[in-house]
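Listing of target.txt, compact mmCIF, C-alpha atoms
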```
# COMPACT_ATOMS: atom_id res chain seq x y z
CA MET W 1 53.64 -77.76 -40.61
CA GLU W 2 51.97 -80.20 -43.00
CA ASN W 3 52.76 -80.02 -46.70
CA ALA W 4 56.29 -78.84 -45.95
CA LEU W 5 58.11 -77.67 -49.05
CA ASP W 6 61.09 -79.58 -50.42
CA ASP W 7 64.18 -77.99 -51.95
CA ASP W 8 62.68 -77.91 -55.46
CA ASP W 9 59.57 -76.17 -54.14
CA LEU W 10 61.72 -73.62 -52.34
CA ASP W 11 63.69 -72.94 -55.51
CA LEU W 12 60.43 -72.34 -57.37
CA VAL W 13 59.21 -69.93 -54.69
CA ALA W 14 62.52 -68.05 -54.85
CA ALA W 15 62.23 -67.80 -58.64
CA LEU W 16 58.65 -66.54 -58.46
CA GLN W 17 59.66 -63.91 -55.94
CA ARG W 18 62.15 -62.62 -58.50
CA ALA W 19 59.79 -62.82 -61.49
CA PRO W 20 56.20 -63.47 -60.38
CA ARG W 21 54.80 -63.30 -63.91
CA ALA W 22 57.55 -65.20 -65.70
CA PRO W 23 56.25 -67.90 -68.06
CA LEU W 24 56.71 -71.52 -67.05
CA SER W 25 59.32 -71.98 -69.78
CA LEU W 26 61.58 -69.29 -68.31
CA LEU W 27 61.10 -70.54 -64.75
CA ALA W 28 62.00 -74.02 -65.98
CA GLN W 29 65.11 -72.74 -67.74
CA ALA W 30 66.26 -70.95 -64.59
CA LEU W 31 65.66 -73.99 -62.40
CA GLY W 32 67.02 -76.60 -64.81
CA VAL W 33 63.81 -78.64 -65.04
CA SER W 34 61.00 -79.06 -67.56
CA ALA W 35 58.15 -76.59 -67.94
CA SER W 36 55.67 -79.38 -67.17
CA THR W 37 57.46 -80.06 -63.88
CA VAL W 38 57.28 -76.39 -62.94
CA GLY W 39 53.62 -76.30 -63.90
CA ARG W 40 52.78 -79.33 -61.77
CA ARG W 41 54.64 -77.99 -58.76
CA LEU W 42 53.03 -74.57 -59.02
CA ALA W 43 49.58 -76.10 -59.43
CA ARG W 44 50.13 -78.28 -56.35
CA LEU W 45 51.24 -75.35 -54.22
CA GLU W 46 48.24 -73.35 -55.34
CA SER W 47 45.70 -76.15 -54.93
CA ASN W 48 47.01 -76.88 -51.42
CA ARG W 49 46.54 -73.18 -50.62
CA LEU W 50 50.21 -72.76 -49.77
CA LEU W 51 51.06 -70.14 -52.39
CA ARG W 52 49.29 -67.50 -54.46
CA VAL W 53 50.60 -64.83 -56.79
CA ILE W 54 48.49 -61.71 -56.40
CA GLY W 55 48.75 -58.11 -57.54
CA GLN W 56 49.56 -55.39 -55.01
CA VAL W 57 47.53 -52.31 -55.91
CA ASP W 58 49.14 -48.91 -55.50
CA LEU W 59 47.78 -46.54 -52.88
CA SER W 60 47.13 -43.90 -55.55
CA VAL W 61 44.39 -46.17 -56.87
CA THR W 62 42.84 -47.35 -53.65
CA GLY W 63 42.21 -44.04 -51.92
CA GLU W 64 43.76 -41.32 -49.81
CA GLY W 65 43.93 -43.20 -46.52
CA THR W 66 47.32 -44.21 -45.15
CA PRO W 67 48.20 -47.23 -42.99
CA TRP W 68 48.26 -47.29 -39.21
CA HIS W 69 50.06 -49.71 -36.92
CA VAL W 70 47.82 -50.79 -34.04
CA TRP W 71 48.93 -52.68 -30.94
CA ILE W 72 46.06 -54.02 -28.83
CA ALA W 73 45.98 -55.23 -25.22
CA ALA W 74 43.27 -57.87 -24.92
CA PRO W 75 44.17 -60.19 -22.02
CA GLY W 76 42.54 -63.58 -22.48
CA ARG W 77 40.62 -62.40 -25.58
CA ALA W 78 43.37 -62.07 -28.16
CA VAL W 79 42.03 -64.65 -30.62
CA ASP W 80 38.47 -63.33 -30.39
CA VAL W 81 39.63 -59.75 -30.98
CA ALA W 82 41.86 -60.80 -33.88
CA ARG W 83 38.98 -62.62 -35.56
CA ARG W 84 36.76 -59.57 -35.24
CA LEU W 85 39.49 -57.45 -36.82
CA VAL W 86 39.69 -59.85 -39.76
CA GLY W 87 36.05 -58.99 -40.40
CA MET W 88 36.97 -55.37 -41.02
CA PRO W 89 37.75 -54.54 -44.67
CA GLU W 90 40.31 -51.95 -43.55
CA ALA W 91 42.45 -54.58 -41.79
CA ALA W 92 45.40 -55.48 -44.01
CA HIS W 93 47.39 -57.49 -41.48
CA VAL W 94 46.18 -59.18 -38.28
CA ALA W 95 48.19 -61.36 -35.90
CA VAL W 96 47.97 -62.71 -32.38
CA THR W 97 51.20 -61.78 -30.64
CA ALA W 98 53.12 -62.05 -27.39
CA GLY W 99 55.19 -59.31 -25.81
CA GLN W 100 54.39 -55.70 -26.63
CA ALA W 101 50.74 -56.52 -27.33
CA ASP W 102 48.23 -59.36 -27.50
CA VAL W 103 47.15 -58.43 -31.02
CA TYR W 104 49.01 -56.49 -33.69
CA CYS W 105 47.38 -55.23 -36.85
CA VAL W 106 47.85 -52.81 -39.72
CA VAL W 107 44.74 -50.99 -40.87
CA GLN W 108 44.23 -48.71 -43.83
CA PRO W 109 41.04 -46.69 -44.18
CA VAL W 110 40.06 -45.78 -47.71
CA ARG W 111 39.69 -42.11 -46.80
CA ARG W 112 41.75 -40.13 -44.33
CA VAL W 113 38.68 -38.84 -42.47
CA GLU W 114 37.63 -42.40 -41.67
CA ALA W 115 40.67 -43.03 -39.46
CA ARG W 116 39.19 -41.37 -36.38
CA ASP W 117 36.10 -43.56 -36.28
CA LEU W 118 38.05 -46.69 -37.14
CA LEU W 119 40.72 -46.22 -34.47
CA THR W 120 38.82 -44.59 -31.63
CA ARG W 121 35.49 -46.33 -31.89
CA ARG W 122 35.32 -49.44 -34.04
CA ILE W 123 38.61 -50.99 -32.88
CA ALA W 124 38.91 -49.49 -29.40
CA THR W 125 35.42 -50.66 -28.38
CA LEU W 126 35.68 -54.24 -29.61
CA PRO W 127 34.71 -56.70 -26.86
CA GLY W 128 37.85 -57.72 -24.99
CA VAL W 129 39.97 -54.72 -25.96
CA ARG W 130 41.52 -53.11 -22.88
CA SER W 131 43.69 -50.53 -24.61
CA THR W 132 45.25 -49.67 -27.96
CA ARG W 133 48.36 -47.94 -29.20
CA THR W 134 48.48 -46.49 -32.70
CA GLU W 135 51.19 -45.08 -34.97
CA LEU W 136 50.62 -43.44 -38.35
CA VAL W 137 52.82 -44.74 -41.17
CA LEU W 138 54.59 -41.85 -42.86
CA ARG W 139 56.67 -43.86 -45.29
CA ALA W 140 57.20 -47.52 -46.15
CA ASP W 141 60.96 -48.03 -46.39
CA THR W 142 60.54 -51.56 -47.69
CA LYS W 143 57.53 -53.76 -48.36
CA SER W 144 57.13 -57.50 -48.05
CA ASP W 145 57.07 -58.03 -51.81
CA SER W 146 60.75 -57.01 -51.78
CA TRP W 147 61.79 -59.80 -49.41
CA ARG W 148 63.58 -62.66 -51.18
CA LEU W 149 64.31 -66.24 -50.20
CA PRO W 150 68.11 -66.47 -50.56
CA ARG W 151 68.45 -69.61 -52.70
CA LEU W 152 69.20 -68.65 -56.30
CA THR W 153 72.59 -68.27 -57.93
CA GLU W 154 73.70 -65.07 -59.61
CA ASP W 155 73.14 -66.66 -63.03
CA GLN W 156 69.59 -67.66 -62.10
CA ARG W 157 68.82 -64.18 -60.80
CA ARG W 158 70.26 -62.60 -63.95
CA LEU W 159 68.16 -64.82 -66.22
CA LEU W 160 64.93 -64.04 -64.36
CA ALA W 161 65.78 -60.35 -64.34
CA THR W 162 65.63 -60.33 -68.14
CA TYR W 163 61.89 -60.96 -67.95
CA THR W 164 61.13 -58.32 -65.34
CA ALA W 165 63.24 -55.84 -67.32
CA GLU W 166 61.19 -56.56 -70.45
CA GLU W 167 57.98 -55.86 -68.55
CA ARG W 168 59.32 -52.61 -67.14
CA GLU W 169 60.54 -51.45 -70.53
CA ALA W 170 57.44 -52.32 -72.50
CA ASP W 171 55.80 -49.23 -74.01
CA PRO W 172 52.48 -48.69 -72.21
CA GLY W 173 51.24 -46.43 -74.96
CA GLY W 174 52.49 -43.02 -73.95
CA THR W 175 53.27 -41.03 -70.83
CA ASP W 176 50.18 -38.85 -70.87
CA ARG W 177 47.87 -41.56 -69.56
CA PRO W 178 45.76 -40.76 -66.47
CA ALA W 179 47.37 -41.48 -63.12
CA ARG W 180 44.33 -43.43 -61.97
CA PRO W 181 43.11 -46.33 -64.12
CA THR W 182 39.75 -46.04 -65.80
CA GLY W 183 37.55 -48.29 -67.91
CA ASP W 184 39.38 -51.37 -69.18
CA GLU W 185 42.41 -50.54 -67.03
CA LEU W 186 40.38 -50.62 -63.84
CA ARG W 187 38.69 -53.87 -64.82
CA ALA W 188 42.03 -55.45 -65.70
CA LEU W 189 43.56 -54.18 -62.47
CA ARG W 190 40.88 -56.01 -60.46
CA LEU W 191 41.71 -59.23 -62.28
CA LEU W 192 45.45 -58.82 -61.72
CA ALA W 193 44.89 -58.04 -58.05
CA ALA W 194 43.33 -61.47 -57.62
CA ASP W 195 45.76 -63.31 -59.93
CA GLY W 196 49.08 -61.61 -60.52
CA ARG W 197 50.06 -64.19 -63.18
CA MET W 198 47.01 -63.63 -65.37
CA THR W 199 48.12 -63.25 -68.98
CA ALA W 200 46.93 -60.74 -71.53
CA ALA W 201 45.14 -63.56 -73.35
CA GLN W 202 43.23 -64.49 -70.20
CA ILE W 203 42.38 -60.86 -69.49
CA SER W 204 41.20 -60.51 -73.09
CA ARG W 205 38.77 -63.42 -72.64
CA GLU W 206 37.58 -62.28 -69.21
CA LEU W 207 36.88 -58.70 -70.29
CA GLY W 208 35.77 -59.38 -73.85
CA ILE W 209 38.38 -57.06 -75.35
CA GLY W 210 40.99 -57.58 -78.04
CA GLN W 211 44.20 -59.33 -77.03
CA SER W 212 46.35 -56.44 -78.23
CA THR W 213 44.28 -54.06 -76.09
CA ALA W 214 44.56 -56.40 -73.12
CA TYR W 215 48.33 -56.58 -73.58
CA ARG W 216 48.68 -52.81 -73.79
CA VAL W 217 46.49 -52.27 -70.72
CA THR W 218 48.34 -54.93 -68.70
CA GLN W 219 51.76 -53.56 -69.56
CA SER W 220 50.61 -50.03 -68.76
CA LEU W 221 49.42 -51.05 -65.29
CA LEU W 222 52.62 -52.96 -64.58
CA GLN W 223 55.05 -50.33 -65.88
CA ARG W 224 53.34 -47.50 -64.05
CA GLY W 225 53.48 -49.52 -60.84
CA LEU W 226 49.72 -49.38 -60.34
CA VAL W 227 49.78 -53.12 -59.69
CA ARG W 228 52.86 -55.06 -58.58
CA PRO W 229 52.81 -58.88 -58.67
CA ARG W 230 53.86 -60.52 -55.41
CA VAL W 231 54.07 -64.02 -53.97
CA GLU W 232 51.97 -64.78 -50.92
CA ILE W 233 53.20 -67.69 -48.78
CA GLU W 234 53.68 -68.19 -45.07
CA PRO W 235 57.28 -67.55 -43.90
CA ALA W 236 57.24 -70.72 -41.77
CA LEU W 237 56.90 -72.81 -44.94
CA LEU W 238 60.15 -71.25 -46.16
CA GLY W 239 62.07 -72.12 -43.00
CA TYR W 240 61.47 -68.90 -41.08
CA ALA W 241 59.63 -70.15 -38.03
CA LEU W 242 59.97 -67.00 -35.94
CA GLU W 243 58.40 -63.67 -36.84
CA ALA W 244 58.56 -60.48 -34.81
CA VAL W 245 57.39 -56.89 -34.98
CA VAL W 246 60.11 -54.69 -33.49
CA ALA W 247 58.98 -51.15 -32.68
CA LEU W 248 61.89 -48.77 -32.18
CA THR W 249 62.15 -45.41 -30.52
CA VAL W 250 64.88 -43.56 -32.42
CA SER W 251 66.19 -40.03 -32.00
CA PRO W 252 64.91 -37.67 -34.71
CA GLY W 253 68.36 -37.28 -36.22
CA GLY W 254 68.82 -41.02 -36.56
CA THR W 255 65.38 -42.07 -37.75
CA SER W 256 65.93 -41.92 -41.51
CA GLU W 257 69.26 -43.72 -41.44
CA ALA W 258 67.94 -46.38 -39.05
CA ALA W 259 64.96 -47.06 -41.31
CA ARG W 260 67.16 -47.27 -44.42
CA THR W 261 69.60 -49.62 -42.71
CA LEU W 262 66.87 -51.89 -41.37
CA ALA W 263 65.18 -51.98 -44.78
CA ARG W 264 68.34 -53.63 -46.13
CA HIS W 265 68.47 -56.23 -43.34
CA PRO W 266 67.95 -59.84 -44.57
CA SER W 267 65.08 -60.30 -42.12
CA ALA W 268 63.10 -57.25 -43.24
CA ARG W 269 59.67 -57.92 -44.72
CA TYR W 270 58.23 -54.51 -43.91
CA VAL W 271 59.94 -51.47 -42.45
CA SER W 272 58.18 -48.14 -41.97
CA THR W 273 58.88 -44.67 -40.66
CA ASN W 274 56.07 -43.49 -38.40
CA ALA W 275 54.67 -40.50 -36.54
CA GLY W 276 54.99 -41.24 -32.85
CA ALA W 277 57.30 -42.68 -30.23
CA PHE W 278 57.77 -45.80 -32.34
CA SER W 279 59.42 -43.87 -35.14
CA VAL W 280 60.56 -47.03 -36.95
CA VAL W 281 58.76 -50.39 -37.09
CA HIS W 282 60.55 -53.46 -38.40
CA GLN W 283 58.55 -56.57 -39.28
CA GLY W 284 61.10 -59.34 -39.63
CA VAL W 285 61.31 -63.09 -40.10
CA PHE W 286 63.98 -65.28 -38.52
CA ARG W 287 64.86 -68.94 -38.72
CA ASP W 288 65.00 -69.33 -34.95
CA GLU W 289 65.47 -67.58 -31.61
CA GLU W 290 69.20 -67.31 -32.18
CA GLY W 291 68.59 -65.28 -35.31
CA LEU W 292 66.26 -62.90 -33.48
CA ALA W 293 68.73 -62.60 -30.61
CA ALA W 294 71.51 -61.63 -33.00
CA PHE W 295 69.27 -59.01 -34.58
CA LEU W 296 68.27 -57.46 -31.25
CA THR W 297 71.63 -57.57 -29.50
CA ARG W 298 74.04 -57.02 -32.38
CA ASP W 299 72.36 -55.40 -35.37
CA LEU W 300 70.20 -52.96 -33.42
CA ALA W 301 73.11 -52.19 -31.10
CA GLU W 302 75.11 -50.93 -34.08
CA LEU W 303 72.41 -48.43 -35.12
CA ASP W 304 72.99 -44.84 -34.07
CA GLY W 305 70.14 -43.11 -32.30
CA VAL W 306 68.20 -46.14 -31.07
CA ILE W 307 66.86 -45.28 -27.64
CA SER W 308 64.69 -48.32 -26.94
CA PHE W 309 62.61 -50.98 -28.64
CA ASP W 310 59.64 -53.24 -27.96
CA VAL W 311 59.12 -56.69 -29.46
CA SER W 312 55.87 -58.43 -30.38
CA VAL W 313 56.42 -62.07 -31.36
CA VAL W 314 53.86 -63.38 -33.82
CA LEU W 315 52.05 -66.44 -32.49
CA GLN W 316 49.45 -66.73 -35.23
CA ALA W 317 48.88 -64.73 -38.40
CA LEU W 318 45.20 -64.53 -39.32
CA ARG W 319 45.57 -62.13 -42.24
CA ARG W 320 48.38 -60.79 -44.39
CA HIS W 321 47.86 -58.24 -47.14
CA TRP W 322 44.08 -58.68 -46.99
CA LEU W 323 44.39 -62.45 -47.49
CA ASP W 324 43.05 -64.56 -44.64
CA ARG W 325 45.08 -67.48 -43.30
CA GLU W 326 43.83 -70.76 -41.91
CA ASP W 327 46.36 -72.89 -40.01
CA GLY W 328 49.22 -71.58 -42.10
CA ARG W 329 47.36 -71.86 -45.39
CA LEU W 330 45.71 -69.22 -47.49
CA ALA W 331 41.97 -69.07 -46.99
CA ALA W 332 39.95 -71.07 -49.50
CA VAL W 333 38.18 -67.93 -50.73
CA PRO W 334 40.42 -65.02 -51.86
CA GLY W 335 40.22 -61.77 -49.93
CA PRO W 336 38.51 -58.70 -51.38
CA THR W 337 39.75 -57.50 -54.75
CA ASP W 338 37.64 -54.38 -54.97
CA THR W 339 40.22 -51.64 -55.34
CA GLY W 340 38.25 -49.50 -52.94
CA SER W 341 38.81 -51.74 -49.93
CA GLY W 342 41.46 -54.39 -50.39
CA GLN W 343 44.99 -55.26 -51.46
CA HIS W 344 46.35 -51.76 -51.12
CA ASP W 345 49.98 -50.77 -51.33
CA ASP W 346 50.97 -51.96 -47.89
CA THR W 347 52.56 -54.72 -45.85
```
Kindly transcribe the structure held in the file into structure tokens.
Amino acid sequence: MENALDDDDLDLVAALQRAPRAPLSLLAQALGVSASTVGRRLARLESNRLLRVIGQVDLSVTGEGTPWHVWIAAPGRAVDVARRLVGMPEAAHVAVTAGQADVYCVVQPVRRVEARDLLTRRIATLPGVRSTRTELVLRADTKSDSWRLPRLTEDQRRLLATYTAEEREADPGGTDRPARPTGDELRALRLLAADGRMTAAQISRELGIGQSTAYRVTQSLLQRGLVRPRVEIEPALLGYALEAVVALTVSPGGTSEAARTLARHPSARYVSTNAGAFSVVHQGVFRDEEGLAAFLTRDLAELDGVISFDVSVVLQALRRHWLDREDGRLAAVPGPTDTGSGQHDDT
């Protein structure tokens, strides 16, 4: 892939994954370079549409709908179907795949009652769709914002953790605040969803509110987990050229333990427990076929209760977490930031 990242770029990505909102000075201290160097590298990655720090909005804000896995058979029409799915605001993740299905997607309707129309009519009747298989997500055992590029030393991780700890411990102004954001909080949340590194000073200017108010609102949203900063970048740029969605059929007694174990696996970007035959779904990234083979034949073999599994290998990702992709880059125009339809608490 063009614009491949060098070792210094990879170190910066790894640091941002640990502390997405850390100031340039702290990132520079952790990486042993100057703040200006960090700033230039980050600006280059962003301008080349290789990396973006966004804010993942909690489901409690975005609505009552829950995610669904959807596997689609569309022989000879996979790319056309995937592009049509990208046009749907409910589609969080869309990929052309080989194996279990021609297209794999994760959709999340805003309201629970909308799932029937979305799944049985709007998706199932798309031109080229031969059949679909759906599974309701009951619980996300790990999300992709938890996946880390294993490059940093213990000292580097400890230093970056001081910043994230400060953000978590900041006083948001009391515990009796409403669960759902309102007013300035909602406006600030929309800004943070689009730019997870936006500072209180920037939010103050954008919203026309005092900087102390902007700081209090920002810290409240972060501490309450209503928005979680995350790094968006294609796994292939980080050296993980192979991506697969492994759908497992697990005995009822083994489902919870299997999901917990897989959530701790180094490959895990998103693991969910579901209602259906595919009781656990593991979205994983691997450096090569050997890594995937070891996962399927060794790691899965050691899990109790696994009855069978199906594999969908990702050939092309068109959308991840509501952000469109173009030839491995982030789309030039950010995805929707309206908290009613985009960037929910999902994959």
Show me a table, sorted first by chain and then by increasing residue number, of the residues of segment 238-315 of chain W having an atom at most 10 Å from segment 104-117 of chain W, each with its shortest atom pair and the distance in Å to one decimal, counting all atoms listed in the file and written as a Markdown table.
```
| residue | atom | partner | partner_atom | distance |
| --- | --- | --- | --- | --- |
| W:Val245 | CA | W:Tyr104 | CA | 8.5 |
| W:Ser312 | CA | W:Tyr104 | CA | 7.9 |
| W:Val313 | CA | W:Tyr104 | CA | 9.6 |
| W:Val314 | CA | W:Tyr104 | CA | 8.4 |
```
Please measure the separation of atom CA of Ala200 of chain W and atom CA of Ala188 of chain W, giving the value in Å to one decimal.
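Pair atom CA of Ala200 of chain W / atom CA of Ala188 of chain W returns 9.3 Å.
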Near-Leu160 of chain W list (9 Å; only C-alpha atoms; drop same-chain fewer than 2 positions) as JSON, numbers by chain
{"W": [15, 16, 18, 19, 22, 26, 27, 30, 155, 156, 157, 158, 162, 163, 164, 165]}
Just to be explicit: take each residue in the selection above, keep C-alpha atoms, and write the result as a CSV table (one decimal), in the coordinates of the input.
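Saved the output as part_25.csv:
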```csv
chain,number,residue,atom,x,y,z
W,15,ALA,CA,62.2,-67.8,-58.6
W,16,LEU,CA,58.6,-66.5,-58.5
W,18,ARG,CA,62.2,-62.6,-58.5
W,19,ALA,CA,59.8,-62.8,-61.5
W,22,ALA,CA,57.6,-65.2,-65.7
W,26,LEU,CA,61.6,-69.3,-68.3
W,27,LEU,CA,61.1,-70.5,-64.8
W,30,ALA,CA,66.3,-71.0,-64.6
W,155,ASP,CA,73.1,-66.7,-63.0
W,156,GLN,CA,69.6,-67.7,-62.1
W,157,ARG,CA,68.8,-64.2,-60.8
W,158,ARG,CA,70.3,-62.6,-64.0
W,162,THR,CA,65.6,-60.3,-68.1
W,163,TYR,CA,61.9,-61.0,-68.0
W,164,THR,CA,61.1,-58.3,-65.3
W,165,ALA,CA,63.2,-55.8,-67.3
```
Using all atoms listed in the file, can you tell me which of W:Gly32, W:Gly183, W:Pro266, W:Gly328 comes closest to Asp299 of chain W?
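Closest to Asp299 of chain W of all the choices is W:Pro266.
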How close does segment 130-218 of chain W get to segment 282-297 of chain W? List, as a tab-separated table, each residue of segment 130-218 of chain W within 10 Å, its nearest atom pair and the distance in Å to one decimal, counting all atoms listed in the file.
```
residue	atom	partner	partner_atom	distance
W:Asp141	CA	W:His282	CA	9.7
W:Thr142	CA	W:His282	CA	9.5
W:Lys143	CA	W:Gln283	CA	9.6
W:Ser144	CA	W:Gln283	CA	8.9
W:Trp147	CA	W:Gly284	CA	9.8
```
Determine the nearest neighbour of Leu119 of chain W from the options W:Gly254, W:Pro67, W:Gly99, W:Gly76, counting all atoms listed in the file.
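Among the listed residues, W:Pro67 lies closest to Leu119 of chain W.
Each of W:Ala43, W:Val57, W:Leu315, W:Val246 was compared to Val103 of chain W using only C-alpha atoms, and W:Leu315 turns out to be the nearest.
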When you look at Arg77 of chain W with a cut-off of 9 Å (counting all atoms listed in the file), what residues show up, excluding the ones that are within fewer than 4 positions of it in the same chain? I need them as a VMD selection string.
chain W and resid 73 81 to 82 102 127 to 129
Any idea what the distance is between atom CA of Asp7 of chain W and atom CA of His93 of chain W?
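Computed distance, atom CA of Asp7 of chain W to atom CA of His93 of chain W, equals 28.5 Å.
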Test item: residues at most 9 Å from Leu12 of chain W, all atoms listed in the file, excluding those fewer than 6 positions along its chain, as a ChimeraX atom specification
/W:27-28,31,38,41-42
Given only C-alpha atoms as the counted atoms, nearest of W:Asp9, W:Arg320, W:Gly305, W:Leu222 to Leu149 of chain W
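With only C-alpha atoms as the atom set, the closest residue is W:Asp9.
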Please list as a PyMOL selection string every residue within 12 Å of Glu206 of chain W, counting all atoms listed in the file and excluding residues in the same chain fewer than 5 positions away.
chain W and resi 184+187-188+190-192+198-201+211+214
Counting all atoms listed in the file, figure out which residue out of W:Val280, W:Ile233, W:Leu159, W:Ala275 gets nearest to Ser25 of chain W.
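Nearest to Ser25 of chain W: W:Leu159.
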Mind listing as number ranges by chain all residues within 12 Å of (51.6, -71.6, -55.8), counting all atoms listed in the file?
W: 5, 9-10, 12-17, 20, 38-54, 195-197, 230-234, 329-330
What separation in Å, quoted to one decimal, exists between atom CA of Glu243 of chain W and atom CA of Ala98 of chain W?
10.9 Å
